[in-house]
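The structure file my_file.txt is reproduced below (compact mmCIF, C-alpha atoms).
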```txt
# COMPACT_ATOMS: atom_id res chain seq x y z
CA MET F 1 -10.41 21.34 9.95
CA PRO F 2 -11.19 17.62 9.92
CA HIS F 3 -12.00 16.05 6.58
CA ASN F 4 -14.91 13.77 5.99
CA THR F 5 -14.41 10.24 4.75
CA THR F 6 -15.37 11.08 1.16
CA THR F 7 -12.74 13.83 0.94
CA GLN F 8 -10.14 11.59 2.55
CA LEU F 9 -10.98 8.74 0.19
CA PHE F 10 -10.68 11.07 -2.82
CA LYS F 11 -7.27 12.34 -1.67
CA TYR F 12 -6.17 8.81 -0.79
CA GLY F 13 -7.17 7.78 -4.30
CA ILE F 14 -5.08 10.53 -5.90
CA VAL F 15 -2.05 9.67 -3.78
CA GLY F 16 -2.63 5.95 -4.31
CA VAL F 17 -3.15 6.03 -8.06
CA THR F 18 -0.03 8.10 -8.59
CA HIS F 19 2.06 6.11 -6.14
CA ASN F 20 0.83 2.70 -7.31
CA THR F 21 1.08 3.48 -11.03
CA ILE F 22 4.74 4.37 -10.63
CA GLY F 23 5.30 1.36 -8.36
CA TYR F 24 3.49 -1.06 -10.67
CA LEU F 25 5.41 0.12 -13.73
CA ALA F 26 8.67 -0.33 -11.80
CA TYR F 27 7.45 -3.79 -10.70
CA LEU F 28 6.72 -4.79 -14.31
CA GLY F 29 10.05 -3.44 -15.52
CA LEU F 30 12.08 -5.18 -12.84
CA THR F 31 10.27 -8.51 -13.23
CA TYR F 32 10.67 -8.23 -17.02
CA LEU F 33 14.41 -7.88 -16.44
CA GLY F 34 14.36 -11.12 -14.45
CA GLY F 35 13.54 -10.00 -10.92
CA GLU F 36 11.65 -12.52 -8.81
CA PRO F 37 8.10 -11.17 -8.25
CA LYS F 38 7.98 -11.46 -4.44
CA LEU F 39 11.46 -9.90 -4.05
CA VAL F 40 10.60 -7.02 -6.40
CA MET F 41 7.31 -6.43 -4.55
CA THR F 42 9.19 -6.45 -1.23
CA LEU F 43 11.72 -3.85 -2.38
CA GLY F 44 8.96 -1.67 -3.82
CA TYR F 45 7.02 -1.94 -0.60
CA ALA F 46 9.99 -0.72 1.43
CA VAL F 47 10.44 2.39 -0.71
CA GLY F 48 6.71 3.01 -0.97
CA VAL F 49 6.12 3.00 2.79
CA TYR F 50 8.09 6.19 3.36
CA VAL F 51 6.54 8.02 0.40
CA SER F 52 3.05 6.89 1.38
CA PHE F 53 3.49 7.93 5.03
CA THR F 54 4.59 11.42 4.11
CA LEU F 55 1.84 12.04 1.55
CA ASN F 56 -1.03 10.43 3.44
CA LYS F 57 -0.11 12.03 6.76
CA SER F 58 -0.18 15.55 5.40
CA LEU F 59 -2.42 15.46 2.33
CA THR F 60 -5.01 12.74 2.92
CA PHE F 61 -5.59 12.84 6.67
CA SER F 62 -4.12 16.26 7.67
CA TYR F 63 -2.64 14.56 10.72
CA THR F 64 -0.85 16.83 13.18
CA GLY F 65 -0.12 14.38 15.98
CA PRO F 66 3.28 12.96 16.88
CA ASN F 67 5.18 11.57 13.89
CA LYS F 68 6.98 8.78 15.72
CA SER F 69 3.89 7.04 17.10
CA ALA F 70 2.02 7.57 13.81
CA PHE F 71 4.90 6.02 11.86
CA ILE F 72 4.96 3.02 14.21
CA ARG F 73 1.20 2.51 13.66
CA PHE F 74 1.71 3.10 9.92
CA SER F 75 4.41 0.42 9.87
CA ILE F 76 2.13 -2.02 11.69
CA ALA F 77 -0.63 -1.33 9.14
CA HIS F 78 1.82 -1.98 6.33
CA ILE F 79 2.87 -5.28 7.87
CA PHE F 80 -0.74 -6.39 7.40
CA GLY F 81 -0.78 -4.95 3.87
CA TYR F 82 2.51 -6.58 2.98
CA GLY F 83 1.38 -9.93 4.40
CA THR F 84 -1.80 -9.76 2.35
CA ASN F 85 0.13 -8.91 -0.83
CA PHE F 86 2.79 -11.58 -0.24
CA THR F 87 0.18 -14.23 0.51
CA MET F 88 -1.75 -13.40 -2.65
CA LEU F 89 1.42 -13.77 -4.77
CA TYR F 90 2.46 -16.95 -2.99
CA VAL F 91 -0.91 -18.70 -3.22
CA LEU F 92 -2.18 -17.41 -6.55
CA VAL F 93 1.12 -17.29 -8.48
CA ASP F 94 3.41 -19.87 -6.90
CA LYS F 95 0.78 -22.48 -6.04
CA MET F 96 -2.05 -21.86 -8.51
CA HIS F 97 0.13 -20.53 -11.37
CA TYR F 98 -1.85 -17.42 -12.25
CA ASN F 99 -0.03 -14.61 -14.06
CA HIS F 100 1.89 -12.53 -11.51
CA ALA F 101 1.22 -9.23 -13.30
CA ILE F 102 -2.55 -9.71 -13.03
CA ILE F 103 -2.43 -10.91 -9.43
CA GLN F 104 -0.23 -7.96 -8.42
CA ILE F 105 -2.67 -5.40 -9.84
CA ILE F 106 -5.55 -7.12 -8.00
CA ALA F 107 -3.43 -7.15 -4.83
CA ILE F 108 -2.87 -3.40 -5.16
CA PHE F 109 -6.62 -2.81 -4.97
CA VAL F 110 -7.21 -5.29 -2.14
CA VAL F 111 -4.36 -3.88 -0.05
CA SER F 112 -5.42 -0.29 -0.79
CA ILE F 113 -8.85 -0.89 0.75
CA LEU F 114 -7.31 -2.58 3.78
CA LEU F 115 -4.78 0.23 4.27
CA PHE F 116 -7.28 3.08 3.91
CA THR F 117 -9.36 1.55 6.67
CA LEU F 118 -6.33 1.06 8.93
CA PHE F 119 -4.98 4.55 8.19
CA LYS F 120 -8.29 6.26 8.94
CA PHE F 121 -9.10 4.47 12.19
CA PHE F 122 -5.74 3.29 13.55
CA VAL F 123 -2.84 5.29 12.11
CA PHE F 124 -4.21 8.83 11.69
CA PRO F 125 -7.32 8.95 13.90
CA ALA F 126 -9.20 12.24 14.06
```
Encoded form using structure tokens:
Amino acid sequence: MPHNTTTQLFKYGIVGVTHNTIGYLAYLGLTYLGGEPKLVMTLGYAVGVYVSFTLNKSLTFSYTGPNKSAFIRFSIAHIFGYGTNFTMLYVLVDKMHYNHAIIQIIAIFVVSILLFTLFKFFVFPA
């Protein structure tokens, strides 16, 4: 049974809040220990992509199509998400000298909106 956008957004929020809270705490811990913010974000992104694909495919969008093509589209969507996140850190932290912890939490919200839209209409279409 297809889900409406409100239900999908709610489930996406649950997956996202859990996933991003764990990821953000790991980000803060690793940068506190001396990790460079963009490198730490990159490593977290790589791990998070697999977890996010699995949870969003089955829980959020109830997608039953082919996994391989969906994962390729998912990876393309995440390239856009990663580029947005990286650019925000580069411009706002490296060039404008804002606090990386604050910019990263803002980036999580910005990228989440972008990814939900791409997941719904491009990665896991009804």
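Using all atoms listed in the file for every distance, the candidate list F:Val17, F:Gly23, F:Lys11, F:Phe116 yields F:Phe116 as the residue closest to F:Ala77.
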For this session: Fewer than 3 positions away in the same chain doesn't count, so skip those; otherwise give me all residues within 10 Å of F:Leu118, counting only C-alpha atoms, as a ChimeraX atom specification.
Result: /F:73-74,76-78,80-81,112-115,121-125
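When atom CA of F:Tyr32 is paired with atom CA of F:Asp94, their separation reads 17.0 Å.
With distances restricted to all atoms listed in the file, F:Phe61 is the closest residue to F:Lys120 from F:Gly34, F:Gly44, F:Phe61, F:Phe10.
Counting from atom CA of F:His100, the distance to atom CA of F:Gly29 is 12.9 Å.
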Skipping near chain neighbours, those fewer than 3 positions away, what residues fall within 8 Å of stretch 83-89 of chain F using only C-alpha atoms, listed as an mmCIF file with C-alpha atoms, in the coordinates of the input?
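selection-v3.cif, freshly written:
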```
data_model
loop_
_atom_site.group_PDB
_atom_site.id
_atom_site.type_symbol
_atom_site.label_atom_id
_atom_site.label_comp_id
_atom_site.auth_asym_id
_atom_site.auth_seq_id
_atom_site.Cartn_x
_atom_site.Cartn_y
_atom_site.Cartn_z
ATOM 1 C CA PRO F 37 8.100 -11.170 -8.250
ATOM 2 C CA LYS F 38 7.980 -11.460 -4.440
ATOM 3 C CA ILE F 79 2.870 -5.280 7.870
ATOM 4 C CA PHE F 80 -0.740 -6.390 7.400
ATOM 5 C CA LEU F 92 -2.180 -17.410 -6.550
ATOM 6 C CA VAL F 93 1.120 -17.290 -8.480
ATOM 7 C CA ASP F 94 3.410 -19.870 -6.900
ATOM 8 C CA HIS F 100 1.890 -12.530 -11.510
ATOM 9 C CA ILE F 103 -2.430 -10.910 -9.430
ATOM 10 C CA GLN F 104 -0.230 -7.960 -8.420
ATOM 11 C CA ALA F 107 -3.430 -7.150 -4.830
ATOM 12 C CA ILE F 108 -2.870 -3.400 -5.160
ATOM 13 C CA VAL F 111 -4.360 -3.880 -0.050
#
```
Problem set entry | Which residue of F:Asn99, F:Thr31, F:Asn56, F:Leu43 approaches F:His19 most closely, using only C-alpha atoms | F:Asn56
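The shortest atom-to-atom distance to F:Thr18, with all atoms listed in the file taken into account, belongs to F:Leu55 out of F:Phe71, F:Leu55, F:Tyr45, F:Phe119.
Of the residues under consideration (F:Thr64, F:Asn4, F:Thr21, F:Ser75), F:Ser75 shows the shortest atom-to-atom contact distance to F:Ala46 when counting only C-alpha atoms.
Our summary of the geometry notes that atom CA of F:Met96 is positioned 19.7 Å from atom CA of F:Gly35.
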Output as a compact mmCIF listing (two decimals), in the coordinates of the input: stretch 11-23 of chain F, completed with N, CA, C and O atoms.
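File produced: rebuild.txt:
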```
# COMPACT_ATOMS: atom_id res chain seq x y z
N LYS F 11 -8.69 12.00 -1.76
CA LYS F 11 -7.27 12.34 -1.67
C LYS F 11 -6.41 11.08 -1.61
O LYS F 11 -5.34 11.01 -2.23
N TYR F 12 -6.87 10.09 -0.87
CA TYR F 12 -6.17 8.81 -0.79
C TYR F 12 -6.08 8.19 -2.18
O TYR F 12 -5.05 7.62 -2.56
N GLY F 13 -7.15 8.31 -2.94
CA GLY F 13 -7.17 7.78 -4.30
C GLY F 13 -6.15 8.47 -5.19
O GLY F 13 -5.45 7.81 -5.96
N ILE F 14 -6.06 9.79 -5.09
CA ILE F 14 -5.08 10.53 -5.90
C ILE F 14 -3.65 10.10 -5.53
O ILE F 14 -2.83 9.80 -6.40
N VAL F 15 -3.38 10.09 -4.24
CA VAL F 15 -2.05 9.67 -3.78
C VAL F 15 -1.80 8.22 -4.21
O VAL F 15 -0.74 7.89 -4.76
N GLY F 16 -2.78 7.37 -4.01
CA GLY F 16 -2.63 5.95 -4.31
C GLY F 16 -2.46 5.65 -5.79
O GLY F 16 -1.61 4.85 -6.17
N VAL F 17 -3.26 6.28 -6.62
CA VAL F 17 -3.15 6.03 -8.06
C VAL F 17 -1.78 6.45 -8.57
O VAL F 17 -1.12 5.71 -9.31
N THR F 18 -1.34 7.62 -8.16
CA THR F 18 -0.03 8.10 -8.59
C THR F 18 1.08 7.19 -8.07
O THR F 18 1.92 6.71 -8.84
N HIS F 19 1.04 6.94 -6.79
CA HIS F 19 2.06 6.11 -6.14
C HIS F 19 2.07 4.69 -6.71
O HIS F 19 3.13 4.14 -7.02
N ASN F 20 0.90 4.09 -6.85
CA ASN F 20 0.83 2.70 -7.31
C ASN F 20 1.09 2.55 -8.80
O ASN F 20 1.60 1.52 -9.22
N THR F 21 0.77 3.55 -9.59
CA THR F 21 1.08 3.48 -11.03
C THR F 21 2.59 3.45 -11.21
O THR F 21 3.12 2.61 -11.95
N ILE F 22 3.28 4.35 -10.54
CA ILE F 22 4.74 4.37 -10.63
C ILE F 22 5.32 3.06 -10.10
O ILE F 22 6.19 2.43 -10.72
N GLY F 23 4.82 2.61 -8.95
CA GLY F 23 5.30 1.36 -8.36
C GLY F 23 5.02 0.15 -9.22
O GLY F 23 5.87 -0.74 -9.36
```
